[in-house]
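Student: Input structure: structure16.cif, which contains mmCIF, C-alpha atoms.
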data_entry
loop_
_atom_site.group_PDB
_atom_site.id
_atom_site.type_symbol
_atom_site.label_atom_id
_atom_site.label_comp_id
_atom_site.auth_asym_id
_atom_site.auth_seq_id
_atom_site.Cartn_x
_atom_site.Cartn_y
_atom_site.Cartn_z
ATOM 1 C CA MET A 20 210.639 -19.749 233.027
ATOM 2 C CA HIS A 21 206.995 -20.561 233.763
ATOM 3 C CA ILE A 22 206.901 -24.047 235.329
ATOM 4 C CA ARG A 23 204.607 -25.368 232.592
ATOM 5 C CA THR A 24 206.801 -23.854 229.889
ATOM 6 C CA ALA A 25 209.635 -25.840 231.449
ATOM 7 C CA VAL A 26 207.534 -28.992 231.283
ATOM 8 C CA ILE A 27 206.833 -28.396 227.598
ATOM 9 C CA ALA A 28 210.547 -27.963 226.887
ATOM 10 C CA ALA A 29 211.492 -31.081 228.842
ATOM 11 C CA THR A 30 208.892 -33.313 227.205
ATOM 12 C CA ALA A 31 209.707 -31.978 223.756
ATOM 13 C CA THR A 32 213.346 -32.928 224.331
ATOM 14 C CA ALA A 33 212.292 -36.358 225.586
ATOM 15 C CA ALA A 34 210.173 -36.896 222.471
ATOM 16 C CA LEU A 35 213.269 -36.450 220.321
ATOM 17 C CA LEU A 36 214.904 -39.373 222.109
ATOM 18 C CA VAL A 37 212.030 -41.777 221.402
ATOM 19 C CA ALA A 38 212.366 -44.059 218.399
ATOM 20 C CA PRO A 39 210.023 -42.655 215.727
ATOM 21 C CA GLU A 40 206.781 -44.652 215.453
ATOM 22 C CA ALA A 41 204.856 -41.752 213.985
ATOM 23 C CA SER A 42 205.031 -37.998 214.207
ATOM 24 C CA ALA A 43 204.420 -36.815 217.764
ATOM 25 C CA THR A 44 201.160 -34.983 218.362
ATOM 26 C CA ASN A 45 199.915 -33.087 221.402
ATOM 27 C CA TYR A 46 196.277 -33.240 222.498
ATOM 28 C CA THR A 47 194.170 -31.449 225.091
ATOM 29 C CA LEU A 48 191.619 -33.645 226.870
ATOM 30 C CA TRP A 49 188.616 -32.061 228.615
ATOM 31 C CA ILE A 50 186.967 -34.267 231.275
ATOM 32 C CA HIS A 51 183.632 -33.003 232.583
ATOM 33 C CA GLY A 52 182.058 -33.565 235.977
ATOM 34 C CA LYS A 53 178.636 -34.497 237.306
ATOM 35 C CA ASN A 54 175.946 -33.847 234.688
ATOM 36 C CA GLY A 55 172.640 -35.180 233.393
ATOM 37 C CA GLY A 56 174.246 -37.882 231.274
ATOM 38 C CA GLY A 57 173.396 -36.264 227.953
ATOM 39 C CA THR A 58 176.872 -36.119 226.436
ATOM 40 C CA GLN A 59 177.761 -38.591 223.693
ATOM 41 C CA ARG A 60 180.071 -41.172 225.221
ATOM 42 C CA GLY A 61 182.867 -42.135 222.837
ATOM 43 C CA ASN A 62 182.424 -38.988 220.719
ATOM 44 C CA TYR A 63 185.480 -36.852 221.373
ATOM 45 C CA ALA A 64 184.040 -34.002 219.275
ATOM 46 C CA ASP A 65 180.946 -33.493 221.475
ATOM 47 C CA PHE A 66 181.683 -30.368 223.526
ATOM 48 C CA SER A 67 178.043 -29.782 224.462
ATOM 49 C CA ASN A 68 178.916 -29.995 228.163
ATOM 50 C CA TRP A 69 181.356 -27.099 227.832
ATOM 51 C CA GLY A 70 180.253 -24.647 225.162
ATOM 52 C CA PRO A 71 180.932 -23.869 221.498
ATOM 53 C CA SER A 72 183.528 -26.248 220.073
ATOM 54 C CA THR A 73 184.995 -23.411 218.004
ATOM 55 C CA VAL A 74 186.434 -21.719 221.102
ATOM 56 C CA ALA A 75 190.191 -22.053 221.653
ATOM 57 C CA ALA A 76 190.787 -24.489 224.523
ATOM 58 C CA GLY A 77 194.199 -26.043 223.922
ATOM 59 C CA VAL A 78 195.840 -27.826 221.026
ATOM 60 C CA ASN A 79 193.832 -30.598 219.310
ATOM 61 C CA LYS A 80 191.144 -30.504 222.000
ATOM 62 C CA LYS A 81 189.048 -33.602 222.704
ATOM 63 C CA ALA A 82 185.955 -33.919 224.898
ATOM 64 C CA VAL A 83 186.161 -36.991 227.131
ATOM 65 C CA ASN A 84 182.499 -37.746 227.749
ATOM 66 C CA TRP A 85 181.212 -40.118 230.408
ATOM 67 C CA ASP A 86 177.856 -40.692 232.076
ATOM 68 C CA GLY A 87 178.002 -37.916 234.660
ATOM 69 C CA ARG A 88 175.283 -39.584 236.725
ATOM 70 C CA GLN A 89 177.259 -42.765 237.337
ATOM 71 C CA LYS A 90 179.853 -43.797 239.903
ATOM 72 C CA ILE A 91 183.470 -42.914 239.163
ATOM 73 C CA SER A 92 184.540 -46.570 239.198
ATOM 74 C CA VAL A 93 181.827 -47.558 236.715
ATOM 75 C CA GLU A 94 182.678 -44.906 234.110
ATOM 76 C CA ASN A 95 186.426 -44.536 234.608
ATOM 77 C CA PHE A 96 187.145 -46.888 231.709
ATOM 78 C CA ARG A 97 186.079 -44.087 229.360
ATOM 79 C CA ILE A 98 188.770 -41.816 230.769
ATOM 80 C CA ARG A 99 191.337 -44.606 230.412
ATOM 81 C CA ASP A 100 190.198 -45.223 226.829
ATOM 82 C CA ALA A 101 190.842 -41.555 226.013
ATOM 83 C CA LEU A 102 194.219 -41.538 227.762
ATOM 84 C CA ASP A 103 195.215 -44.692 225.876
ATOM 85 C CA CYS A 104 194.050 -43.181 222.576
ATOM 86 C CA PHE A 105 195.795 -39.836 222.742
ATOM 87 C CA CYS A 106 198.468 -40.031 225.443
ATOM 88 C CA THR A 107 200.593 -43.050 224.513
ATOM 89 C CA GLY A 108 203.429 -43.792 222.120
ATOM 90 C CA SER A 109 204.906 -40.565 220.791
ATOM 91 C CA ASN A 110 201.818 -38.502 221.643
ATOM 92 C CA TRP A 111 201.413 -36.298 224.723
ATOM 93 C CA CYS A 112 198.414 -34.801 226.495
ATOM 94 C CA TYR A 113 197.377 -31.807 228.495
ATOM 95 C CA ILE A 114 194.399 -32.540 230.726
ATOM 96 C CA ALA A 115 191.650 -30.112 231.818
ATOM 97 C CA VAL A 116 188.975 -31.265 234.243
ATOM 98 C CA HIS A 117 185.977 -29.772 236.022
ATOM 99 C CA SER A 118 184.386 -30.758 239.323
ATOM 100 C CA ALA A 119 184.006 -34.572 239.485
ATOM 101 C CA GLY A 120 186.311 -34.802 236.472
ATOM 102 C CA ASN A 121 188.984 -34.229 239.133
ATOM 103 C CA LEU A 122 187.973 -37.562 240.703
ATOM 104 C CA GLN A 123 188.024 -39.267 237.311
ATOM 105 C CA ILE A 124 191.592 -38.293 236.388
ATOM 106 C CA GLY A 125 192.846 -38.767 239.956
ATOM 107 C CA TYR A 126 191.299 -42.243 240.107
ATOM 108 C CA ALA A 127 192.804 -43.207 236.736
ATOM 109 C CA LEU A 128 196.305 -42.029 237.631
ATOM 110 C CA SER A 129 196.359 -43.432 241.161
ATOM 111 C CA LEU A 130 194.941 -46.861 240.366
ATOM 112 C CA TYR A 131 196.003 -47.398 236.741
ATOM 113 C CA GLY A 132 198.834 -44.932 236.080
ATOM 114 C CA GLY A 133 201.449 -47.553 236.886
ATOM 115 C CA SER A 134 199.963 -50.220 234.637
ATOM 116 C CA ALA A 135 201.048 -51.371 231.177
ATOM 117 C CA ARG A 136 199.138 -49.535 228.437
ATOM 118 C CA TYR A 137 199.118 -50.498 224.766
ATOM 119 C CA LYS A 138 200.367 -47.732 222.494
ATOM 120 C CA LYS A 139 197.424 -46.508 220.444
ATOM 121 C CA ASN A 140 197.000 -44.848 217.057
ATOM 122 C CA ALA A 141 194.768 -41.879 218.087
ATOM 123 C CA VAL A 142 192.067 -43.031 215.640
ATOM 124 C CA PRO A 143 188.979 -43.791 217.762
ATOM 125 C CA ASN A 144 186.102 -46.009 216.711
ATOM 126 C CA SER A 145 182.470 -45.176 217.487
ATOM 127 C CA THR A 146 182.883 -46.244 221.118
ATOM 128 C CA GLY A 147 185.971 -44.097 221.678
ATOM 129 C CA VAL A 148 188.504 -46.919 221.556
ATOM 130 C CA CYS A 149 191.646 -46.637 219.427
ATOM 131 C CA GLY A 150 193.655 -49.360 217.719
ATOM 132 C CA ASN A 151 197.116 -50.541 218.709
ATOM 133 C CA THR A 152 200.142 -49.230 216.858
ATOM 134 C CA ASP A 153 202.791 -51.957 217.074
ATOM 135 C CA GLY A 154 201.576 -54.172 219.916
ATOM 136 C CA THR A 155 204.073 -52.796 222.429
ATOM 137 C CA THR A 156 203.185 -51.256 225.771
ATOM 138 C CA GLN A 157 204.353 -48.480 228.050
ATOM 139 C CA VAL A 158 203.849 -47.729 231.729
ATOM 140 C CA GLY A 159 201.041 -45.219 232.267
ATOM 141 C CA TRP A 160 200.381 -42.225 230.078
ATOM 142 C CA ASN A 161 202.261 -39.261 228.584
ATOM 143 C CA ILE A 162 200.687 -36.348 230.488
ATOM 144 C CA LYS A 163 202.256 -32.910 230.786
ATOM 145 C CA TRP A 164 199.961 -31.575 233.519
ATOM 146 C CA VAL A 165 196.368 -31.364 234.755
ATOM 147 C CA ASP A 166 194.382 -28.112 235.080
ATOM 148 C CA VAL A 167 191.534 -28.492 237.594
ATOM 149 C CA ALA A 168 188.520 -26.151 237.545
ATOM 150 C CA SER A 169 186.694 -26.283 240.892
ATOM 151 C CA GLY A 170 187.896 -29.798 241.586
ATOM 152 C CA ALA A 171 185.731 -32.167 243.608
ATOM 153 C CA GLY A 172 188.606 -34.417 244.613
ATOM 154 C CA GLY A 173 187.738 -33.729 248.249
ATOM 155 C CA GLY A 174 183.988 -34.068 247.781
ATOM 156 C CA SER A 175 181.210 -31.630 248.631
ATOM 157 C CA GLU A 176 179.137 -31.018 251.733
ATOM 158 C CA LEU A 177 176.134 -30.686 249.421
ATOM 159 C CA ALA A 178 176.369 -34.453 248.906
ATOM 160 C CA ASP A 179 176.911 -34.973 252.650
ATOM 161 C CA ASN A 180 173.750 -33.057 253.479
ATOM 162 C CA GLY A 181 171.463 -34.409 250.767
ATOM 163 C CA GLU A 182 171.234 -31.127 248.858
ATOM 164 C CA TRP A 183 171.612 -33.044 245.592
ATOM 165 C CA ALA A 184 168.366 -34.926 246.112
ATOM 166 C CA THR A 185 168.704 -37.380 243.235
ATOM 167 C CA SER A 186 169.196 -41.109 243.031
ATOM 168 C CA ASP A 187 172.202 -40.699 240.736
ATOM 169 C CA PRO A 188 175.032 -42.947 241.982
ATOM 170 C CA ILE A 189 177.590 -40.137 241.512
ATOM 171 C CA VAL A 190 176.125 -38.303 244.508
ATOM 172 C CA GLY A 191 177.375 -41.027 246.840
ATOM 173 C CA ASP A 192 180.872 -40.678 245.398
ATOM 174 C CA LEU A 193 180.794 -36.932 246.028
ATOM 175 C CA THR A 194 180.368 -37.139 249.799
ATOM 176 C CA THR A 195 183.491 -35.765 251.421
ATOM 177 C CA SER A 196 184.375 -39.037 253.152
ATOM 178 C CA THR A 197 183.956 -41.177 250.019
ATOM 179 C CA ALA A 198 185.713 -38.787 247.639
ATOM 180 C CA ARG A 199 188.718 -38.501 249.956
ATOM 181 C CA SER A 200 189.027 -42.262 250.544
ATOM 182 C CA MET A 201 188.318 -43.449 246.990
ATOM 183 C CA TYR A 202 192.015 -43.567 246.023
ATOM 184 C CA ASN A 203 195.351 -42.161 247.201
ATOM 185 C CA HIS A 204 195.224 -38.522 246.111
ATOM 186 C CA ASN A 205 198.972 -38.199 246.667
ATOM 187 C CA THR A 206 199.640 -40.738 243.897
ATOM 188 C CA THR A 207 199.568 -38.609 240.744
ATOM 189 C CA ARG A 208 202.477 -40.409 239.027
ATOM 190 C CA SER A 209 204.403 -37.138 239.458
ATOM 191 C CA LYS A 210 201.900 -35.239 237.292
ATOM 192 C CA TRP A 211 201.171 -31.727 238.555
ATOM 193 C CA PHE A 212 197.576 -30.787 239.350
ATOM 194 C CA TYR A 213 197.057 -27.026 238.921
ATOM 195 C CA MET A 214 194.053 -26.100 241.063
ATOM 196 C CA PHE A 215 191.739 -23.239 240.089
ATOM 197 C CA ALA A 216 189.520 -22.408 243.083
ATOM 198 C CA ALA A 217 186.382 -20.281 242.618
ATOM 199 C CA ALA A 218 184.715 -18.320 245.426
ATOM 200 C CA LYS A 219 181.473 -16.722 244.176
ATOM 201 C CA GLY A 220 179.228 -18.749 246.449
ATOM 202 C CA THR A 221 176.293 -17.431 248.483
ATOM 203 C CA LEU A 222 173.382 -19.851 248.349
ATOM 204 C CA TYR A 223 174.991 -22.690 250.331
ATOM 205 C CA SER A 224 177.404 -20.685 252.486
ATOM 206 C CA GLY A 225 175.898 -22.234 255.625
ATOM 207 C CA ILE A 226 176.579 -25.774 254.387
ATOM 208 C CA LEU A 227 179.827 -25.570 252.435
ATOM 209 C CA SER A 228 182.949 -25.092 254.574
ATOM 210 C CA GLY A 229 184.796 -21.797 254.236
ATOM 211 C CA GLN A 230 184.956 -20.205 250.795
ATOM 212 C CA ASP A 231 182.908 -21.929 248.079
ATOM 213 C CA ASP A 232 181.647 -21.597 244.519
ATOM 214 C CA GLU A 233 178.017 -22.723 245.114
ATOM 215 C CA ALA A 234 178.933 -26.412 244.745
ATOM 216 C CA VAL A 235 182.389 -27.171 246.153
ATOM 217 C CA ALA A 236 184.462 -25.558 248.919
ATOM 218 C CA TYR A 237 188.101 -24.487 248.985
ATOM 219 C CA HIS A 238 189.236 -27.568 250.939
ATOM 220 C CA SER A 239 188.444 -29.556 247.789
ATOM 221 C CA THR A 240 189.059 -27.037 245.007
ATOM 222 C CA GLY A 241 192.383 -26.101 246.619
ATOM 223 C CA GLY A 242 193.601 -29.690 246.902
ATOM 224 C CA VAL A 243 193.902 -29.592 250.695
ATOM 225 C CA SER A 244 194.564 -33.019 252.195
ATOM 226 C CA VAL A 245 191.996 -32.596 254.970
ATOM 227 C CA LYS A 246 188.509 -31.167 255.126
ATOM 228 C CA GLY A 247 188.193 -27.715 256.706
ATOM 229 C CA GLY A 248 186.907 -24.185 256.328
ATOM 230 C CA PHE A 249 189.543 -22.371 254.261
ATOM 231 C CA CYS A 250 189.144 -18.878 252.858
ATOM 232 C CA ASN A 251 190.720 -15.946 251.059
ATOM 233 C CA PRO A 252 193.196 -13.749 252.956
ATOM 234 C CA GLY A 253 191.576 -11.514 255.554
ATOM 235 C CA ASP A 254 188.273 -13.391 255.737
ATOM 236 C CA TRP A 255 186.890 -14.006 259.207
ATOM 237 C CA PHE A 256 185.451 -17.100 260.857
ATOM 238 C CA CYS A 257 187.579 -19.547 258.862
ATOM 239 C CA ASP A 258 189.953 -22.302 259.899
ATOM 240 C CA GLY A 259 192.708 -20.769 257.819
ATOM 241 C CA THR A 260 193.697 -19.127 254.535
ATOM 242 C CA LEU A 261 194.055 -21.204 251.363
ATOM 243 C CA ASN A 262 197.542 -20.234 250.255
ATOM 244 C CA THR A 263 198.530 -20.223 246.594
ATOM 245 C CA GLY A 264 201.201 -22.539 245.266
ATOM 246 C CA THR A 265 202.109 -25.691 247.150
ATOM 247 C CA ALA A 266 202.205 -24.061 250.590
ATOM 248 C CA ALA A 267 200.032 -25.430 253.382
ATOM 249 C CA THR A 268 197.038 -23.431 254.582
ATOM 250 C CA SER A 269 197.751 -20.715 257.140
ATOM 251 C CA ASN A 270 196.812 -23.152 259.930
ATOM 252 C CA GLY A 271 199.238 -25.782 258.664
ATOM 253 C CA LYS A 272 197.055 -28.143 256.640
ATOM 254 C CA ALA A 273 199.060 -29.588 253.740
ATOM 255 C CA LYS A 274 197.964 -29.954 250.161
ATOM 256 C CA TRP A 275 198.133 -33.345 248.488
ATOM 257 C CA SER A 276 201.413 -34.126 246.752
ATOM 258 C CA TYR A 277 201.855 -32.543 243.305
ATOM 259 C CA HIS A 278 198.881 -30.222 243.911
ATOM 260 C CA THR A 279 199.382 -26.468 243.622
ATOM 261 C CA VAL A 280 196.866 -23.608 243.721
ATOM 262 C CA GLN A 281 197.357 -21.788 240.440
ATOM 263 C CA PHE A 282 194.327 -19.510 240.842
ATOM 264 C CA ARG A 283 192.517 -18.397 243.998
ATOM 265 C CA ASP A 284 189.411 -16.304 243.389
ATOM 266 C CA ASP A 285 190.255 -13.399 245.714
ATOM 267 C CA GLY A 286 187.709 -11.162 243.981
ATOM 268 C CA GLU A 287 184.929 -13.751 244.356
ATOM 269 C CA ASN A 288 184.100 -13.333 240.664
ATOM 270 C CA HIS A 289 183.550 -16.924 239.543
ATOM 271 C CA ASP A 290 181.088 -19.640 240.471
ATOM 272 C CA HIS A 291 181.066 -23.357 239.654
ATOM 273 C CA TYR A 292 178.936 -23.402 236.527
ATOM 274 C CA GLN A 293 180.059 -23.107 232.908
ATOM 275 C CA ASN A 294 176.457 -22.554 231.672
ATOM 276 C CA GLY A 295 177.158 -24.235 228.330
ATOM 277 C CA ASN A 296 179.372 -21.324 227.347
ATOM 278 C CA TRP A 297 182.826 -21.846 228.939
ATOM 279 C CA GLU A 298 181.878 -19.466 231.760
ATOM 280 C CA ASN A 299 183.077 -18.796 235.318
ATOM 281 C CA ILE A 300 185.950 -20.927 236.655
ATOM 282 C CA VAL A 301 185.861 -23.130 233.543
ATOM 283 C CA GLY A 302 186.502 -19.977 231.520
ATOM 284 C CA VAL A 303 189.595 -19.211 233.596
ATOM 285 C CA VAL A 304 190.941 -22.709 232.957
ATOM 286 C CA ARG A 305 190.018 -22.522 229.260
ATOM 287 C CA ALA A 306 192.083 -19.344 228.917
ATOM 288 C CA ASP A 307 194.981 -21.000 230.710
ATOM 289 C CA MET A 308 194.861 -24.024 228.410
ATOM 290 C CA ALA A 309 194.613 -21.811 225.329
ATOM 291 C CA ALA A 310 197.760 -19.997 226.471
ATOM 292 C CA TYR A 311 199.906 -22.936 227.587
ATOM 293 C CA ALA A 312 198.606 -26.155 225.978
ATOM 294 C CA TYR A 313 200.252 -26.071 222.552
#
As structure tokens, how would this structure be written, given the file I've shared?

Tutor:
Amino acid sequence: MHIRTAVIAATATAALLVAPEASATNYTLWIHGKNGGGTQRGNYADFSNWGPSTVAAGVNKKAVNWDGRQKISVENFRIRDALDCFCTGSNWCYIAVHSAGNLQIGYALSLYGGSARYKKNAVPNSTGVCGNTDGTTQVGWNIKWVDVASGAGGGSELADNGEWATSDPIVGDLTTSTARSMYNHNTTRSKWFYMFAAAKGTLYSGILSGQDDEAVAYHSTGGVSVKGGFCNPGDWFCDGTLNTGTAATSNGKAKWSYHTVQFRDDGENHDHYQNGNWENIVGVVRADMAAYAY
């Protein structure tokens, strides 16, 4: 059985054991990364960051919009609002993230995933906040798994080297040292992070370590616990190979806990950018969510 199929079966069984508050509903939350700040915060129907909203991208899909120019800590409340809305009570969520969205969900789970959350009614107001159901709480959120497209959980050397020459506060969060020390990446509350690592990078190959997708390198997109130059099998001049699954790199560098490489771009076919049309590595994750998030 596919591991995520097993998760679906287990959580469906668990839902039957919960006292009925309302009929259980599954949702798919899409959390974007660094952007120009143009998405409508609080509007879960605004998929302008991703592409046409008519495209299949998981059951009951919701766009979790935040100011992609701001620091993770400043905007993380919007991610927690969405998780409270759709992933509490009898409802469950699948999570898909891109780039700095990896930092947003990791930050929320590590720092707030053990906190008491009010069970919400999945009916958001204009600011994206939902009402309480019965006034009771639960610990953390009901999350089945997290799909990560080109995750920036380990930061990017482009931020280290000033290649993103903007005053946006998010750039400081994306330095490799800050991203890796922002929270404990091993604390996922036992939620699996499925990493999708893209490798069609050429422009910044002299700056980004090992294989990259034009914005983030494999040490980050592969969930490796230390920075390094990791590549596809057979590539030269690298520190080691980024192995699929939970295995350490070929030179023995471990992945963070509950992180597994689901997709490694051996053909170097995908870059970092979705181009407003669900393209590249985001397209690979979209297809995965369409197949398994139901």

Student: Set out as a tab-separated table a contact list for range 32-123 of chain A and range 180-184 of chain A with a cut-off of 12 Å, giving each residue of range 32-123 of chain A that qualifies its closest atom pair and distance in Å to one decimal, counting only C-alpha atoms, ordered by chain and rising residue number.

Tutor:
residue	atom	partner	partner_atom	distance
A:Lys53	CA	A:Trp183	CA	11.0
A:Asn54	CA	A:Trp183	CA	11.8
A:Arg88	CA	A:Trp183	CA	11.6

Student: Any idea what the distance is between CA of Lys80 in chain A and CA of Asp231 in chain A?

Tutor: 28.7 Å

Student: By how many Å are CA of Leu222 in chain A and CA of Val235 in chain A apart?

Tutor: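 Computing it gives 11.8 Å between the two atoms.
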
Student: With distances taken over all atoms listed in the file, which of A:Trp211, A:Tyr237, A:Tyr313, A:Tyr223 is nearest to Asp285 in chain A?

Tutor: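 Closest to Asp285 in chain A of all the choices is A:Tyr237.
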
Student: Any chance you could work out the axis-aligned box around range 271-285 of chain A, listed atoms only, 3 Å on each side, giving centre and edge lengths in Å to one decimal, as lines of an AutoDock Vina configuration file?

Tutor:
center_x = 195.6
center_y = -23.8
center_z = 249.6
size_x = 18.4
size_y = 26.7
size_z = 24.2

Student: Taking only C-alpha atoms into account, which of A:Phe282, A:Tyr292, A:Phe66, A:Tyr202 comes nearest Lys219 in chain A?

Tutor: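 Of the candidates, the smallest distance to Lys219 in chain A is held by A:Tyr292.
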
Student: Nearest residue to Gly150 in chain A out of A:Thr260, A:Ser228, A:Thr107, A:Ser72, using only C-alpha atoms?

Tutor: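 Closest to Gly150 in chain A, using only C-alpha atoms: A:Thr107.
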
Student: So what do you get for CA of Thr73 in chain A versus CA of His117 in chain A, distance-wise?

Tutor: 19.1 Å

Student: Please produce, as JSON lines, a per-residue contact table for range 161-262 of chain A versus range 123-133 of chain A (criterion: any atom at most 7 Å away, only C-alpha atoms considered), showing the nearest atom pair and its distance in Å to one decimal, sorted by chain then residue number.

Tutor:
{"residue": "A:Tyr202", "atom": "CA", "partner": "A:Tyr126", "partner_atom": "CA", "distance": 6.1}
{"residue": "A:Asn203", "atom": "CA", "partner": "A:Ser129", "partner_atom": "CA", "distance": 6.3}
{"residue": "A:His204", "atom": "CA", "partner": "A:Gly125", "partner_atom": "CA", "distance": 6.6}
{"residue": "A:Thr206", "atom": "CA", "partner": "A:Ser129", "partner_atom": "CA", "distance": 5.1}
{"residue": "A:Thr207", "atom": "CA", "partner": "A:Leu128", "partner_atom": "CA", "distance": 5.7}
{"residue": "A:Arg208", "atom": "CA", "partner": "A:Gly132", "partner_atom": "CA", "distance": 6.5}

Student: What do you get, as a list in words, if you spell out every residue that the PyMOL selection byres ((chain A and resi 159) around 7) selects here?

Tutor: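 That expression, the PyMOL selection byres ((chain A and resi 159) around 7), corresponds here to Gly132, Gly133, Ser134, Ala135, Arg136, Gln157, Val158 and Trp160 of chain A.
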
Student: Pull out every residue that the PyMOL selection byres ((chain A and resi 277-281) around 9) matches in the shown coordinates and put them as a list in words.

Tutor: Asp166, Asn205, Thr206, Thr207, Arg208, Ser209, Lys210, Trp211, Phe212, Tyr213, Met214, Phe215, Ala216, Thr240, Gly241, Gly242, Val243, Leu261, Asn262, Thr263, Gly264, Thr265, Ala266, Lys274, Trp275, Ser276, Phe282 and Arg283 of chain A

Student: Counting only C-alpha atoms, which residues of range 127-190 of chain A sit at most 10 Å from some atom of range 298-311 of chain A, and what is each one's closest atom pair with its distance in Å to one decimal, listed by chain and rising residue number, as CSV?

Tutor:
residue,atom,partner,partner_atom,distance
A:Val165,CA,A:Met308,CA,9.8
A:Asp166,CA,A:Val304,CA,6.7
A:Val167,CA,A:Val304,CA,7.4
A:Ala168,CA,A:Val301,CA,5.7
A:Ser169,CA,A:Ile300,CA,6.9

Student: For Ile114 in chain A, which of A:Ile162, A:Ala267, A:Ala218, A:Val148 is the closest residue, counting only C-alpha atoms?

Tutor: A:Ile162

Student: Any chance you could resolve the PyMOL selection byres ((chain A and resi 61) around 10) against this file and give the residues as number ranges by chain?

Tutor: A: 58-60, 62-65, 82-85, 97-98, 100-101, 143-148

Student: Export C-alpha atoms of the chosen residues as a short mmCIF file (atom, residue, chain, number, x, y, z; two decimals), in the frame of the given file?

Tutor:
data_model
loop_
_atom_site.label_atom_id
_atom_site.label_comp_id
_atom_site.auth_asym_id
_atom_site.auth_seq_id
_atom_site.Cartn_x
_atom_site.Cartn_y
_atom_site.Cartn_z
CA THR A 58 176.87 -36.12 226.44
CA GLN A 59 177.76 -38.59 223.69
CA ARG A 60 180.07 -41.17 225.22
CA ASN A 62 182.42 -38.99 220.72
CA TYR A 63 185.48 -36.85 221.37
CA ALA A 64 184.04 -34.00 219.28
CA ASP A 65 180.95 -33.49 221.48
CA ALA A 82 185.96 -33.92 224.90
CA VAL A 83 186.16 -36.99 227.13
CA ASN A 84 182.50 -37.75 227.75
CA TRP A 85 181.21 -40.12 230.41
CA ARG A 97 186.08 -44.09 229.36
CA ILE A 98 188.77 -41.82 230.77
CA ASP A 100 190.20 -45.22 226.83
CA ALA A 101 190.84 -41.56 226.01
CA PRO A 143 188.98 -43.79 217.76
CA ASN A 144 186.10 -46.01 216.71
CA SER A 145 182.47 -45.18 217.49
CA THR A 146 182.88 -46.24 221.12
CA GLY A 147 185.97 -44.10 221.68
CA VAL A 148 188.50 -46.92 221.56
#

Student: Given the choices A:Ser92, A:Ser118, A:Asn140, A:Asn110, which gets closest to Ile50 in chain A if the distance is worked out from only C-alpha atoms?

Tutor: A:Ser118
